[in-house]
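> So that we are looking at the same thing, I have put the structure below in C-alpha coordinates.
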Amino acid sequence: MQCFDSDSKSECLLPVQTPPSYKLNQVTLRTLIKQTGMMVEVIRVTRQPRTLEKPSVSPDTRLEEKISKRAGDMDDLLLSAVDETMKQVFREAGVKVIYDYLGNNCHLKREEVVEKPEVFSAGLKRLLSSGAPVIEKMILKDMYSKLELKFEEKKSYEFSDYIRELREKCGC
(Lines give C-alpha, C1' and ligand atoms only; values in the text may rest on other atoms or scores of the structure.)
Protein backbone atom coordinates (compact mmCIF):
# COMPACT_ATOMS: atom_id res chain seq x y z
CA MET A 1 0.00 0.00 0.00
CA GLN A 2 1.42 3.36 -1.00
CA CYS A 3 0.30 6.55 0.69
CA PHE A 4 0.83 10.11 -0.52
CA ASP A 5 -0.32 13.59 0.42
CA SER A 6 -2.76 15.50 -1.74
CA ASP A 7 -4.02 19.04 -1.22
CA SER A 8 -6.92 18.04 1.03
CA LYS A 9 -5.96 14.79 2.73
CA SER A 10 -3.63 11.83 2.76
CA GLU A 11 -4.61 9.25 0.18
CA CYS A 12 -3.53 5.65 -0.10
CA LEU A 13 -3.22 3.50 -3.18
CA LEU A 14 -4.27 -0.12 -2.71
CA PRO A 15 -2.52 -2.40 -5.22
CA VAL A 16 -4.75 -5.23 -6.38
CA GLN A 17 -3.02 -8.11 -8.09
CA THR A 18 -4.90 -9.97 -10.82
CA PRO A 19 -3.89 -12.72 -13.23
CA PRO A 20 -3.36 -11.49 -16.82
CA SER A 21 -6.69 -12.92 -17.99
CA TYR A 22 -8.73 -11.27 -15.23
CA LYS A 23 -10.23 -7.82 -15.79
CA LEU A 24 -11.76 -5.69 -13.04
CA ASN A 25 -14.95 -4.01 -14.18
CA GLN A 26 -16.07 -0.58 -13.05
CA VAL A 27 -18.55 -1.98 -10.50
CA THR A 28 -15.80 -4.05 -8.84
CA LEU A 29 -13.48 -1.04 -8.77
CA ARG A 30 -16.16 1.20 -7.22
CA THR A 31 -16.93 -1.50 -4.63
CA LEU A 32 -13.26 -1.79 -3.67
CA ILE A 33 -12.93 1.97 -3.40
CA LYS A 34 -16.12 2.26 -1.34
CA GLN A 35 -15.18 -0.61 1.04
CA THR A 36 -11.60 0.46 1.64
CA GLY A 37 -11.93 4.20 1.13
CA MET A 38 -8.79 4.05 -1.01
CA MET A 39 -7.96 4.46 -4.65
CA VAL A 40 -7.32 1.18 -6.42
CA GLU A 41 -4.57 0.42 -8.88
CA VAL A 42 -4.76 -2.83 -10.83
CA ILE A 43 -1.42 -4.52 -11.33
CA ARG A 44 -1.08 -7.29 -13.88
CA VAL A 45 0.88 -10.28 -12.70
CA THR A 46 2.45 -13.14 -14.58
CA ARG A 47 2.65 -15.54 -11.65
CA GLN A 48 0.02 -16.99 -9.38
CA PRO A 49 -1.44 -14.13 -7.30
CA ARG A 50 -0.95 -14.22 -3.55
CA THR A 51 -2.40 -12.20 -0.75
CA LEU A 52 -0.30 -9.27 0.33
CA GLU A 53 -0.40 -8.78 4.07
CA LYS A 54 1.19 -6.19 6.22
CA PRO A 55 3.21 -8.07 8.83
CA SER A 56 1.60 -7.62 12.22
CA VAL A 57 4.82 -8.48 14.06
CA SER A 58 8.38 -7.55 13.32
CA PRO A 59 10.79 -10.10 11.81
CA ASP A 60 12.74 -10.09 15.08
CA THR A 61 9.60 -11.02 17.02
CA ARG A 62 8.86 -13.85 14.58
CA LEU A 63 12.41 -15.16 15.00
CA GLU A 64 12.08 -15.03 18.78
CA GLU A 65 8.74 -16.90 18.52
CA LYS A 66 10.34 -19.58 16.32
CA ILE A 67 13.23 -20.00 18.75
CA SER A 68 10.84 -20.08 21.69
CA LYS A 69 8.68 -22.69 19.96
CA ARG A 70 11.73 -24.74 19.09
CA ALA A 71 12.93 -24.49 22.70
CA GLY A 72 9.45 -25.51 23.87
CA ASP A 73 9.51 -28.46 21.48
CA MET A 74 12.95 -29.40 22.77
CA ASP A 75 11.70 -29.13 26.36
CA ASP A 76 8.71 -31.35 25.55
CA LEU A 77 10.99 -33.85 23.84
CA LEU A 78 13.36 -34.03 26.81
CA LEU A 79 10.54 -34.36 29.32
CA SER A 80 8.87 -37.12 27.29
CA ALA A 81 12.22 -38.94 26.97
CA VAL A 82 12.75 -38.70 30.75
CA ASP A 83 9.20 -39.91 31.47
CA GLU A 84 9.25 -42.75 28.94
CA THR A 85 12.67 -44.05 29.98
CA MET A 86 11.90 -43.97 33.69
CA LYS A 87 8.52 -45.65 33.14
CA GLN A 88 10.23 -48.42 31.17
CA VAL A 89 12.68 -49.03 33.99
CA PHE A 90 10.71 -48.23 37.16
CA ARG A 91 7.06 -48.49 36.07
CA GLU A 92 4.52 -45.82 36.97
CA ALA A 93 4.76 -46.19 40.77
CA GLY A 94 8.57 -46.01 40.73
CA VAL A 95 8.53 -42.87 38.60
CA LYS A 96 6.17 -41.22 41.09
CA VAL A 97 8.54 -42.11 43.93
CA ILE A 98 11.50 -40.62 42.01
CA TYR A 99 9.66 -37.38 41.20
CA ASP A 100 8.50 -37.13 44.83
CA TYR A 101 12.08 -37.61 46.00
CA LEU A 102 13.35 -34.95 43.56
CA GLY A 103 10.60 -32.57 44.67
CA ASN A 104 11.13 -33.08 48.41
CA ASN A 105 14.92 -33.33 48.52
CA CYS A 106 16.09 -31.30 45.53
CA HIS A 107 13.19 -28.86 45.24
CA LEU A 108 12.79 -29.91 41.60
CA LYS A 109 9.36 -30.31 40.06
CA ARG A 110 8.85 -32.66 37.12
CA GLU A 111 8.38 -29.72 34.73
CA GLU A 112 11.68 -28.17 35.87
CA VAL A 113 13.76 -31.18 34.83
CA VAL A 114 14.20 -29.54 31.42
CA GLU A 115 15.33 -26.20 32.81
CA LYS A 116 17.61 -27.68 35.46
CA PRO A 117 19.21 -30.84 34.07
CA GLU A 118 22.14 -30.57 36.50
CA VAL A 119 19.79 -30.61 39.50
CA PHE A 120 17.93 -33.58 38.00
CA SER A 121 21.22 -35.42 37.45
CA ALA A 122 22.48 -34.67 40.98
CA GLY A 123 19.16 -35.82 42.49
CA LEU A 124 19.24 -39.06 40.51
CA LYS A 125 22.82 -39.69 41.65
CA ARG A 126 21.83 -39.17 45.28
CA LEU A 127 18.89 -41.51 44.94
CA LEU A 128 20.24 -44.19 42.60
CA SER A 129 24.02 -43.77 43.10
CA SER A 130 25.78 -45.86 40.42
CA GLY A 131 22.48 -46.54 38.59
CA ALA A 132 21.96 -42.87 37.72
CA PRO A 133 24.44 -42.73 34.80
CA VAL A 134 22.75 -45.76 33.24
CA ILE A 135 19.32 -44.07 33.41
CA GLU A 136 20.76 -40.78 32.09
CA LYS A 137 22.38 -42.59 29.18
CA MET A 138 19.09 -44.32 28.34
CA ILE A 139 17.28 -40.95 28.43
CA LEU A 140 19.91 -39.38 26.15
CA LYS A 141 19.77 -42.27 23.68
CA ASP A 142 15.99 -41.91 23.54
CA MET A 143 16.29 -38.15 22.94
CA TYR A 144 18.94 -38.49 20.24
CA SER A 145 16.84 -41.17 18.58
CA LYS A 146 13.76 -38.91 18.55
CA LEU A 147 15.85 -36.16 16.97
CA GLU A 148 17.23 -38.68 14.46
CA LEU A 149 20.78 -38.07 15.69
CA LYS A 150 23.46 -40.57 16.61
CA PHE A 151 24.35 -40.67 20.28
CA GLU A 152 28.09 -40.68 20.90
CA GLU A 153 29.29 -41.06 24.45
CA LYS A 154 32.01 -38.55 25.39
CA LYS A 155 34.40 -38.78 28.28
CA SER A 156 33.97 -36.21 31.04
CA TYR A 157 30.58 -35.17 29.63
CA GLU A 158 27.79 -34.78 32.15
CA PHE A 159 24.06 -35.19 31.45
CA SER A 160 23.60 -31.41 31.37
CA ASP A 161 26.47 -31.06 28.83
CA TYR A 162 24.61 -33.33 26.40
CA ILE A 163 21.40 -31.36 26.90
CA ARG A 164 23.24 -28.07 26.30
CA GLU A 165 24.85 -29.53 23.15
CA LEU A 166 21.47 -30.73 21.85
CA ARG A 167 19.97 -27.29 22.42
CA GLU A 168 22.83 -25.73 20.43
CA LYS A 169 22.40 -28.22 17.56
CA CYS A 170 18.70 -27.46 17.41
CA GLY A 171 19.26 -23.72 17.77
CA CYS A 172 17.38 -23.41 21.08
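By convention in this document, the chains of the C-alpha coordinates carry letters A, B, ... by their order, each chain's residues are numbered from 1, and ligands are numbered from 1 in the order they are shown.
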List the spatial neighbours of region 92-107 of chain A as a PyMOL selection string - criterion: any atom at most 9 Å away, only C-alpha atoms, same-chain residues fewer than 6 positions off excluded.

chain A and resi 83+86+119-120+122-124+127

> When you look at Thr85 (chain A) with a cut-off of 8 Å (counting only C-alpha atoms), what residues show up, excluding the ones that are within fewer than 6 positions of it in the same chain? I need them as a PyMOL selection string.

chain A and resi 135+138-139+142

> Would you save the residues from that selection as a PDB file, in the first residue's frame, using N, CA and C atoms?


ATOM      1  N   ILE A 135      20.628 -44.664  33.725  1.00  0.00           N
ATOM      2  CA  ILE A 135      19.325 -44.066  33.406  1.00  0.00           C
ATOM      3  C   ILE A 135      19.519 -42.833  32.533  1.00  0.00           C
ATOM      4  N   MET A 138      20.298 -43.826  29.023  1.00  0.00           N
ATOM      5  CA  MET A 138      19.093 -44.315  28.343  1.00  0.00           C
ATOM      6  C   MET A 138      18.206 -43.147  27.896  1.00  0.00           C
ATOM      7  N   ILE A 139      18.072 -42.137  28.766  1.00  0.00           N
ATOM      8  CA  ILE A 139      17.280 -40.948  28.429  1.00  0.00           C
ATOM      9  C   ILE A 139      17.901 -40.241  27.215  1.00  0.00           C
ATOM     10  N   ASP A 142      17.375 -42.092  23.983  1.00  0.00           N
ATOM     11  CA  ASP A 142      15.992 -41.906  23.542  1.00  0.00           C
ATOM     12  C   ASP A 142      15.824 -40.537  22.882  1.00  0.00           C
TER      13      ASP A 142
END

> Show me, as a PyMOL selection string, the residues that have an atom within 12 Å of Ser80 (chain A) when counting only C-alpha atoms, minus same-chain residues fewer than 6 positions from it.

chain A and resi 73-74+86-87+110-111+113-114+139-140+142-143+146

> Which is closer to Gly72 (chain A) than all the others in A:Gly171, A:Glu136, A:Glu158, A:Glu165, using only C-alpha atoms?

A:Gly171

> Take CA of Lys125 (chain A) and CA of Lys155 (chain A) and report the distance between them in Å, one decimal.

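We find that CA of Lys125 (chain A) and CA of Lys155 (chain A) lie 17.7 Å from each other.
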
> Just give me the gap between CA of Gly131 (chain A) and CA of Val89 (chain A) in Å, one decimal is fine.

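Spanning CA of Gly131 (chain A) to CA of Val89 (chain A) is a straight-line distance of 11.1 Å.
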
> Nearest to Lys154 (chain A): which of A:Glu115, A:Ser130, A:Leu78, A:Lys137 is it, counting only C-alpha atoms?

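The answer is A:Lys137, which sits nearest to Lys154 (chain A).
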
> How many Å separate CA of Arg164 (chain A) from CA of Glu118 (chain A)?

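According to the coordinates, CA of Arg164 (chain A) and CA of Glu118 (chain A) are separated by 10.6 Å.
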